[in-house]
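Pasting query_20.txt here (compact mmCIF, C-alpha atoms):
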```
# COMPACT_ATOMS: atom_id res chain seq x y z
CA MET A 76 0.00 0.00 0.00
CA ALA A 77 1.45 3.32 -0.98
CA PHE A 78 0.89 6.25 1.34
CA GLY A 79 -1.25 7.93 -1.30
CA SER A 80 -3.79 5.11 -1.56
CA THR A 81 -6.40 4.10 0.99
CA PRO A 82 -7.50 0.48 1.24
CA ASP A 83 -11.20 -0.32 1.55
CA TRP A 84 -10.90 -1.57 5.16
CA PHE A 85 -10.25 1.83 6.69
CA HIS A 86 -11.27 5.39 5.99
CA ILE A 87 -9.28 8.46 6.78
CA GLY A 88 -10.63 11.95 7.08
CA ASP A 89 -9.61 14.90 4.95
CA ASP A 90 -7.35 16.22 7.72
CA GLU A 91 -5.78 12.80 8.40
CA SER A 92 -2.90 11.06 6.66
CA VAL A 93 -1.02 7.77 6.88
CA VAL A 94 2.35 8.21 8.60
CA TRP A 95 3.39 4.54 8.77
CA GLU A 96 2.12 1.24 7.45
CA SER A 97 3.49 -2.27 7.34
CA ARG A 98 2.73 -5.94 7.44
CA PRO A 99 4.52 -8.33 9.81
CA HIS A 100 8.09 -9.39 9.12
CA PRO A 101 8.23 -12.36 6.69
CA ILE A 102 9.45 -14.53 9.58
CA THR A 103 5.79 -14.52 10.67
CA MET A 104 5.05 -17.10 7.98
CA GLY A 105 6.86 -19.46 10.32
CA SER A 106 8.37 -22.87 9.90
CA ARG A 107 5.33 -24.14 8.02
CA LEU A 108 6.42 -22.21 4.94
CA PRO A 109 9.70 -24.08 4.34
CA VAL A 110 8.04 -27.33 5.43
CA GLY A 111 5.27 -26.74 2.87
CA ILE A 112 7.86 -26.01 0.18
CA GLY A 113 9.75 -29.19 1.10
CA VAL A 114 6.59 -31.29 1.02
CA ALA A 115 5.61 -29.83 -2.36
CA ILE A 116 9.06 -30.59 -3.81
CA ALA A 117 8.99 -34.12 -2.35
CA GLY A 118 5.56 -34.71 -3.89
CA ILE A 119 6.72 -33.45 -7.27
CA LEU A 120 9.80 -35.69 -7.13
CA VAL A 121 7.73 -38.76 -6.16
CA ALA A 122 5.15 -38.04 -8.87
CA GLY A 123 7.88 -37.45 -11.48
CA TRP A 124 9.91 -40.50 -10.49
CA SER A 125 6.93 -42.84 -10.37
CA GLY A 126 5.35 -41.36 -13.48
CA THR A 127 8.12 -42.74 -15.71
CA GLY A 128 6.32 -46.09 -15.85
CA GLY A 129 2.82 -44.70 -16.35
CA VAL A 130 0.27 -43.13 -14.03
CA GLY A 131 -0.11 -45.27 -10.96
CA LEU A 132 -1.00 -45.04 -7.31
CA LEU A 133 2.42 -43.68 -6.36
CA THR A 134 2.12 -40.94 -9.00
CA LEU A 135 -1.29 -39.90 -7.66
CA LEU A 136 0.05 -39.95 -4.11
CA GLY A 137 2.96 -37.72 -5.18
CA VAL A 138 0.57 -35.26 -6.83
CA LEU A 139 -1.63 -35.16 -3.70
CA VAL A 140 1.39 -34.55 -1.48
CA ALA A 141 2.59 -31.77 -3.80
CA VAL A 142 -0.85 -30.14 -3.78
CA GLY A 143 -0.93 -30.35 0.03
CA GLY A 144 2.48 -28.67 0.28
CA VAL A 145 1.49 -25.91 -2.14
CA THR A 146 -1.73 -25.36 -0.16
CA VAL A 147 0.26 -24.87 3.06
CA VAL A 148 2.61 -22.39 1.33
CA ILE A 149 -0.25 -20.39 -0.18
CA GLY A 150 -2.13 -20.36 3.13
CA ARG A 151 0.86 -19.03 5.10
CA TYR A 152 1.52 -16.40 2.44
CA LEU A 153 -2.11 -15.24 2.44
CA VAL A 154 -2.19 -14.90 6.23
CA TRP A 155 1.02 -12.84 6.12
CA THR A 156 0.01 -10.60 3.24
CA ASN A 157 -3.48 -9.98 4.68
CA THR A 158 -2.22 -8.68 8.02
CA ARG A 159 -1.63 -4.93 7.99
CA TYR A 160 -0.67 -2.31 10.54
CA VAL A 161 -1.34 1.39 10.00
CA ILE A 162 -0.62 4.53 12.00
CA THR A 163 -2.34 7.69 10.81
CA THR A 164 -2.12 11.18 12.22
CA SER A 165 -5.06 10.40 14.54
CA GLU A 166 -5.68 6.62 14.70
CA LEU A 167 -4.14 3.15 14.87
CA TYR A 168 -5.37 0.22 12.75
CA LYS A 169 -4.62 -3.49 12.74
CA LYS A 170 -6.23 -5.67 10.08
CA ARG A 171 -6.18 -9.46 9.90
CA GLY A 172 -8.11 -11.94 7.83
CA ILE A 173 -8.31 -13.55 4.44
CA VAL A 174 -11.97 -14.42 3.95
CA SER A 175 -13.35 -12.44 6.87
CA ARG A 176 -11.78 -9.32 8.33
CA ASP A 177 -10.91 -8.35 11.84
CA VAL A 178 -10.00 -4.67 12.04
CA THR A 179 -9.00 -3.12 15.35
CA GLN A 180 -8.97 0.66 15.40
CA PHE A 181 -8.73 3.35 18.02
CA ARG A 182 -7.86 6.99 18.33
CA LEU A 183 -4.42 8.12 19.44
CA GLU A 184 -5.97 10.20 22.24
CA ARG A 185 -6.76 6.93 24.03
CA VAL A 186 -3.11 5.77 24.09
CA GLN A 187 -1.61 5.84 27.58
CA ASN A 188 1.65 3.89 27.09
CA THR A 189 3.54 1.99 24.44
CA SER A 190 6.22 -0.66 24.68
CA LEU A 191 8.65 -2.14 22.21
CA SER A 192 10.03 -5.63 22.77
CA GLN A 193 12.51 -7.63 20.76
CA SER A 194 13.91 -11.09 21.38
CA GLY A 195 17.53 -11.84 20.54
CA ILE A 196 16.43 -13.41 17.25
CA GLY A 197 14.17 -10.41 16.64
CA ARG A 198 17.07 -8.01 17.07
CA LEU A 199 19.22 -10.11 14.76
CA LEU A 200 16.55 -10.35 12.04
CA GLY A 201 15.12 -6.85 12.54
CA TYR A 202 11.63 -7.37 13.97
CA GLY A 203 9.84 -6.79 17.25
CA ASP A 204 6.45 -6.26 18.90
CA LEU A 205 4.98 -2.80 19.39
CA THR A 206 2.32 -2.88 22.12
CA VAL A 207 -0.14 -0.10 22.91
CA TYR A 208 -1.94 0.39 26.23
CA THR A 209 -4.89 2.70 26.80
CA ALA A 210 -5.99 4.61 29.87
CA GLY A 211 -7.95 2.54 32.38
CA SER A 212 -6.65 -0.79 31.15
CA GLY A 213 -3.65 -2.72 32.40
CA ASP A 214 -3.93 -5.11 29.48
CA PRO A 215 -2.57 -4.38 26.01
CA GLU A 216 -5.17 -2.91 23.69
CA LEU A 217 -3.26 -3.55 20.50
CA THR A 218 -0.04 -5.29 19.52
CA PHE A 219 1.66 -5.00 16.17
CA GLU A 220 3.38 -8.41 16.16
CA ARG A 221 6.76 -8.98 14.54
CA VAL A 222 6.96 -5.53 12.98
CA PRO A 223 9.94 -5.02 10.66
CA GLN A 224 12.15 -2.14 11.82
CA PRO A 225 10.19 -1.75 15.09
CA GLU A 226 12.21 1.27 16.20
CA ARG A 227 10.94 3.17 13.17
CA ALA A 228 7.32 2.22 13.91
CA SER A 229 7.75 3.18 17.58
CA SER A 230 9.32 6.51 16.60
CA ARG A 231 6.48 7.33 14.18
CA LEU A 232 3.91 6.45 16.84
CA SER A 233 5.72 8.57 19.45
CA ASP A 234 5.80 11.51 17.04
CA GLN A 235 2.05 11.24 16.50
CA LEU A 236 1.39 10.93 20.24
CA GLU A 237 3.35 14.14 20.80
CA ASN A 238 1.21 15.84 18.16
CA VAL A 239 -2.02 14.88 19.94
CA ALA A 240 -0.64 15.63 23.44
CA PRO A 241 -1.96 19.24 23.49
CA ASP A 242 -5.42 17.89 22.67
CA ARG A 243 -5.25 15.52 25.67
CA SER A 244 -5.10 18.39 28.16
CA THR A 245 -8.41 19.79 26.86
CA VAL A 246 -10.26 16.45 27.11
```

As structure tokens, the full file:
Amino acid sequence: MAFGSTPDWFHIGDDESVVWESRPHPITMGSRLPVGIGVAIAGILVAGWSGTGGVGLLTLLGVLVAVGGVTVVIGRYLVWTNTRYVITTSELYKKRGIVSRDVTQFRLERVQNTSLSQSGIGRLLGYGDLTVYTAGSGDPELTFERVPQPERASSRLSDQLENVAPDRSTV
């Protein structure tokens, strides 16, 4: 999504603009992605090897295994590509879902605290979790999981929170 375009799952006002958007780090696709690729390749090899003597049960089994592996790969990719995080000048959005959608949204004025956490692997690979807490709740309201370049996302969010800070004193 380019900053100039607005997807159909959120609407921004005339005086609002997108300051940061991302999807999770590709590591989010998890170990099932390479396993799915391996299964698909194994199925193709079995189907190709057994298909040299005609189409038999082993060939069909190889094709089914390959289709299963490809299905896993496509599923993981779709989950990853259909998860989006957006920070605008006045709101936060988190969208998940392939067939159905789950969009979490709230105004920046509600944000009380934020936290950024990175595991050792996360620091090495460049991802982390950005968690947002709102006033009156000790539980996280929203977490952007495995965000690439989390320091950048945290900085953009902090900048926007500073911009709405004068408005907080009048509420």

For this session: Between A:Asn157, A:Gly197, A:Gly118, A:Thr164, single out the one closest to Val142 (chain A), counting only C-alpha atoms.
Result: A:Gly118

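Straight-line separation from CA of Gly201 (chain A) to CA of Arg171 (chain A): 21.6 Å.
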
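Environment of (-3.7, 2.7, 23.6): residues at most 10 Å away, judged by all atoms listed in the file, are Glu166, Leu167, Gln180, Phe181, Arg182, Leu183, Glu184, Arg185, Val186, Gln187, Asn188, Thr189, Thr206, Val207, Tyr208, Thr209, Ala210, Gly211, Ser212, Asp214, Pro215, Glu216, Leu217 and Thr218 of chain A.
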
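Residues near the point (5.4, 8.1, 6.8), at a distance of 8 Å or less over only C-alpha atoms, make up Phe78, Val93, Val94, Trp95, Glu96 and Arg231 of chain A.
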
Take the residues that were just selected and, keeping C-alpha atoms, output them as a PDB file, in the coordinates of the input.
```pdb
ATOM      1  CA  PHE A  78       0.890   6.250   1.340  1.00  0.00           C
ATOM      2  CA  VAL A  93      -1.020   7.770   6.880  1.00  0.00           C
ATOM      3  CA  VAL A  94       2.350   8.210   8.600  1.00  0.00           C
ATOM      4  CA  TRP A  95       3.390   4.540   8.770  1.00  0.00           C
ATOM      5  CA  GLU A  96       2.120   1.240   7.450  1.00  0.00           C
ATOM      6  CA  ARG A 231       6.480   7.330  14.180  1.00  0.00           C
TER       7      ARG A 231
END
```

For this session: Skip Ala115 (chain A) itself and residues of its chain fewer than 3 positions away, then list as an NGL selection string all residues within 6 Å of it, counting only C-alpha atoms.
Result: :A and (112 or 118 or 141 or 144-145)

Those residues you just picked out, can you put them in a file as a CSV table (one decimal), keeping the file's coordinate frame with C-alpha atoms?
```csv
chain,number,residue,atom,x,y,z
A,112,ILE,CA,7.9,-26.0,0.2
A,118,GLY,CA,5.6,-34.7,-3.9
A,141,ALA,CA,2.6,-31.8,-3.8
A,144,GLY,CA,2.5,-28.7,0.3
A,145,VAL,CA,1.5,-25.9,-2.1
```

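Checking A:Ser97, A:Pro109, A:Lys169, A:Trp155 one by one against Arg227 (chain A), counting only C-alpha atoms, you find the shortest gap at A:Ser97.
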
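Relative to CA of Val154 (chain A), CA of Gly172 (chain A) is found at 6.8 Å.
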
For this session: Quick one: pull the distance between CA of Val138 (chain A) and CA of Tyr152 (chain A), Å, one decimal.
Result: 21.0 Å

Seminar exercise, completed: From the list A:Val222, A:Ser190, A:Thr163, A:Ser229, the nearest residue to Asp90 (chain A) using only C-alpha atoms is A:Thr163

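Proximity to Asn238 (chain A) was assessed for A:Phe85, A:Ser165, A:Arg151, A:Gly123 counting all atoms listed in the file; the smallest distance is recorded for A:Ser165.
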
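The shell of residues at most 10 Å from Val110 (chain A), with all atoms listed in the file counted and near chain neighbours (fewer than 6 positions) removed, consists of Ile116, Gly144, Val147 and Val148 of chain A.
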
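Using only C-alpha atoms, the shortest contact distance between Tyr202 (chain A) and any of A:Leu153, A:Leu236, A:Ile102, A:Ile173 is found at A:Ile102.
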